[in-house]
Amino acid sequence: MTTLVRARLFHTPQSPRLEVYEDGGLAYEAGRILAAGDFERVRAEYPGAEVVDRRDCLMVPGLVDAHVHYPQVPVIGAMGMRLLAWLRDRTLPEEERLADPGYARAQARTFLRQLGRNGTTTALVFGAHFMTAMQVFFEEAEASGLRLSAGLVVGDRNLTEALRTTPERALKESRKLAQDWHGRGHLRYAVSPRFSLSCSEALLAACGELLAENPELLFTSHLNESEDEIATVAGLFPDSPNYLETYGRHGLVRRRSVFAHNVHPTAAELESLARAGASICHCPSSNMFIGSGLFPLRRHLDQAVRVCLGTDVGGGTGFSLFKEGLMAYQGQMLLADGVALTPAHLLYLATRSGAQALDLEDEIGDFSAGKAADYVLLRPPAGSTLEVVLQHSPSAEAALAAVFTLAREESVAEVVVAGRRVHPSLDSPDW
Ligand code: GUN
Ligand code: ZN
């Protein structure tokens, strides 16, 4: 059975150029896109398709959050601290609670529900320090239908006893989780040292060993987020020429490596990132909330470093990638050499760039035929500011700009992954 959804359709197949169909159609069957374009043209091509009329909605590809922490929902909005104090006083104590698998499962469910209701269909998730917490996470992730990559977070110094592991244990537990979950349905495994500040050379070497054993795995960590953090890492790794190289010397900087932040890079680090094809995940709301700094997007683009977008919940201020796009825009506006981000560029950052970073470009990120039918339908609540602004938008670009500025979870009407609805869930009162 072919389904044909009729809506106002936006995507960036030749990013960051915007492609818009005011009366658009997306045809798909068995979870795969057959065609996207003008509704009448697509209908003529698939006359037998079941038409789902969503002309009251805007449609965008499923959003990709390339950096978000599963255990950190309870610390969203923890004000008054910069990174290292925020970790020590609020975040790591909360993460210790995930030692209890029952608590971890409840947190996993809450977290996954928040992703779905914000239109996020794919995420690279920073996990928890406990193997049991990751087992229950992957179980819940599989049930959610979302496309998720995640891994056991590992560190063996500058962490409390409860969160510390050893290189041997990290290797053994990560290997087992990767064997059990990588490539199962929509799930993949990401090797995840917390950051060099909490890792010995031996632990980072163990991470390198895992990637060497299975190069298909993803890799994720933090990089150059705050000035205090960078100075501490320099003291811990006196032989390393820079922060990136603490990972690079263990084979951790490559395609399928995604580093969050990079607010304060050196020119040499940008060059190495570009050469390796590794990605930087820009997390603007977190950088502003924790006071880490404004992201030098221009320097990344000039050096052809791949950049994608993440919420970094709970340093970030919520799950909305639309809000994250707005924050990215505002951050660039405040920089003397900021990039003048267009709505098309924001949509690219929230969709296709994430697909590229996660090496899922052939599968998701836009509505090209053959890709998976992952999409979000947006319908502003009656009487909302977004509804009013959209009624007056003079162009498709202006409408998309209004979406990034004003659309939040209340406007996310339906979220579909591979042709299957993941939000609202069938038992939800919203449906
Ligand atoms: N660096 C190491 N751990 C974290 C974390 O949980 N959040 C952020 N923003 N930075 C980190
Ligand atoms: Zn983070």
# chains A, B, ... in the order shown; residues from 1 in each chain; ligands from 1

$ closest_atom_pairs --of "chain A" --to "ligand 1" --cutoff "6 Å" --atoms "only C-alpha atoms and all ligand atoms" --output "tab-separated table"
residue	atom	partner	partner_atom_place_in_ligand_line	distance
A:Arg194	CA	ligand 1	2 (C)	5.4
A:Phe195	CA	ligand 1	2 (C)	5.3
A:His222	CA	ligand 1	1 (N)	5.4
A:Gly315	CA	ligand 1	9 (N)	5.0

$ closest_atom_pairs --of "chain A" --to "ligand 2" --cutoff "7 Å" --atoms "only C-alpha atoms and all ligand atoms" --output "CSV"
residue,atom,partner,partner_atom_place_in_ligand_line,distance
A:His67,CA,ligand 2,1 (Zn),6.3
A:Val68,CA,ligand 2,1 (Zn),6.3
A:His69,CA,ligand 2,1 (Zn),6.3
A:Phe126,CA,ligand 2,1 (Zn),7.0
A:His222,CA,ligand 2,1 (Zn),6.3
A:Ala260,CA,ligand 2,1 (Zn),6.2
A:Asp312,CA,ligand 2,1 (Zn),4.9
A:Gly315,CA,ligand 2,1 (Zn),7.0

$ residues_around --residues "segment 141-146 of chain A" --least-positions-apart "4" --cutoff "9 Å" --atoms "only C-alpha atoms" --output "PyMOL selection string"
chain A and resi 108-109+112-113+115-116+120-123+136-137+184-187+416-418+420-422

$ write_last_selection --atoms "N, CA and C atoms" --output "PDB file, in the first residue's frame"
ATOM      1  N   ALA A 108      14.972   6.568  30.851  1.00  0.00           N
ATOM      2  CA  ALA A 108      15.074   6.285  29.414  1.00  0.00           C
ATOM      3  C   ALA A 108      13.738   6.547  28.732  1.00  0.00           C
ATOM      4  N   ARG A 109      12.664   6.092  29.364  1.00  0.00           N
ATOM      5  CA  ARG A 109      11.325   6.294  28.765  1.00  0.00           C
ATOM      6  C   ARG A 109      10.999   7.773  28.647  1.00  0.00           C
ATOM      7  N   LEU A 112      13.126   9.363  25.856  1.00  0.00           N
ATOM      8  CA  LEU A 112      12.742   9.000  24.480  1.00  0.00           C
ATOM      9  C   LEU A 112      11.426   9.663  24.094  1.00  0.00           C
ATOM     10  N   ARG A 113      10.521   9.779  25.056  1.00  0.00           N
ATOM     11  CA  ARG A 113       9.253  10.456  24.777  1.00  0.00           C
ATOM     12  C   ARG A 113       9.501  11.923  24.415  1.00  0.00           C
ATOM     13  N   LEU A 115      12.199  13.199  23.046  1.00  0.00           N
ATOM     14  CA  LEU A 115      12.749  13.295  21.689  1.00  0.00           C
ATOM     15  C   LEU A 115      11.610  13.281  20.678  1.00  0.00           C
ATOM     16  N   GLY A 116      10.746  12.275  20.785  1.00  0.00           N
ATOM     17  CA  GLY A 116       9.664  12.112  19.811  1.00  0.00           C
ATOM     18  C   GLY A 116       8.751  13.314  19.759  1.00  0.00           C
ATOM     19  N   THR A 120      12.270  14.899  16.936  1.00  0.00           N
ATOM     20  CA  THR A 120      13.583  14.278  16.715  1.00  0.00           C
ATOM     21  C   THR A 120      13.372  12.801  16.404  1.00  0.00           C
ATOM     22  N   THR A 121      13.799  12.396  15.228  1.00  0.00           N
ATOM     23  CA  THR A 121      13.617  11.000  14.810  1.00  0.00           C
ATOM     24  C   THR A 121      14.919  10.220  14.898  1.00  0.00           C
ATOM     25  N   THR A 122      16.043  10.958  14.886  1.00  0.00           N
ATOM     26  CA  THR A 122      17.366  10.325  14.930  1.00  0.00           C
ATOM     27  C   THR A 122      18.210  11.072  15.949  1.00  0.00           C
ATOM     28  N   ALA A 123      18.952  10.321  16.774  1.00  0.00           N
ATOM     29  CA  ALA A 123      19.825  11.005  17.738  1.00  0.00           C
ATOM     30  C   ALA A 123      21.068  10.184  18.016  1.00  0.00           C
ATOM     31  N   VAL A 136      18.998  -1.262  29.619  1.00  0.00           N
ATOM     32  CA  VAL A 136      17.578  -0.868  29.629  1.00  0.00           C
ATOM     33  C   VAL A 136      17.343   0.259  28.627  1.00  0.00           C
ATOM     34  N   PHE A 137      18.345   1.116  28.439  1.00  0.00           N
ATOM     35  CA  PHE A 137      18.174   2.173  27.438  1.00  0.00           C
ATOM     36  C   PHE A 137      17.963   1.568  26.050  1.00  0.00           C
ATOM     37  N   ARG A 184      21.188  -3.547  15.265  1.00  0.00           N
ATOM     38  CA  ARG A 184      19.889  -4.196  15.513  1.00  0.00           C
ATOM     39  C   ARG A 184      18.777  -3.170  15.230  1.00  0.00           C
ATOM     40  N   GLY A 185      17.963  -3.426  14.232  1.00  0.00           N
ATOM     41  CA  GLY A 185      16.908  -2.473  13.864  1.00  0.00           C
ATOM     42  C   GLY A 185      17.499  -1.109  13.572  1.00  0.00           C
ATOM     43  N   HIS A 186      16.983  -0.084  14.236  1.00  0.00           N
ATOM     44  CA  HIS A 186      17.468   1.280  14.014  1.00  0.00           C
ATOM     45  C   HIS A 186      18.558   1.687  15.003  1.00  0.00           C
ATOM     46  N   LEU A 187      19.127   0.726  15.705  1.00  0.00           N
ATOM     47  CA  LEU A 187      20.082   1.068  16.770  1.00  0.00           C
ATOM     48  C   LEU A 187      21.529   0.860  16.327  1.00  0.00           C
ATOM     49  N   VAL A 416       7.010  10.604  12.240  1.00  0.00           N
ATOM     50  CA  VAL A 416       7.000   9.284  11.592  1.00  0.00           C
ATOM     51  C   VAL A 416       8.435   8.852  11.306  1.00  0.00           C
ATOM     52  N   VAL A 417       8.738   7.592  11.623  1.00  0.00           N
ATOM     53  CA  VAL A 417      10.048   7.007  11.304  1.00  0.00           C
ATOM     54  C   VAL A 417       9.809   5.781  10.435  1.00  0.00           C
ATOM     55  N   ALA A 418      10.437   5.759   9.274  1.00  0.00           N
ATOM     56  CA  ALA A 418      10.292   4.638   8.333  1.00  0.00           C
ATOM     57  C   ALA A 418       8.812   4.287   8.113  1.00  0.00           C
ATOM     58  N   ARG A 420       6.362   4.679  10.025  1.00  0.00           N
ATOM     59  CA  ARG A 420       5.615   4.279  11.231  1.00  0.00           C
ATOM     60  C   ARG A 420       5.543   5.444  12.211  1.00  0.00           C
ATOM     61  N   ARG A 421       4.328   5.735  12.691  1.00  0.00           N
ATOM     62  CA  ARG A 421       4.182   6.872  13.601  1.00  0.00           C
ATOM     63  C   ARG A 421       4.828   6.571  14.945  1.00  0.00           C
ATOM     64  N   VAL A 422       5.675   7.499  15.421  1.00  0.00           N
ATOM     65  CA  VAL A 422       6.293   7.331  16.738  1.00  0.00           C
ATOM     66  C   VAL A 422       5.756   8.361  17.737  1.00  0.00           C
TER      67      VAL A 422
END

$ closest_residue --among "A:Ala382, A:Ala350, A:Ala212, A:Val376" --to "Lys323 of chain A" --atoms "only C-alpha atoms"
A:Ala350

$ residues_around --residues "Ala328 of chain A" --least-positions-apart "2" --cutoff "8 Å" --atoms "only C-alpha atoms" --output "PyMOL selection string"
chain A and resi 283-285+324-326+330-332
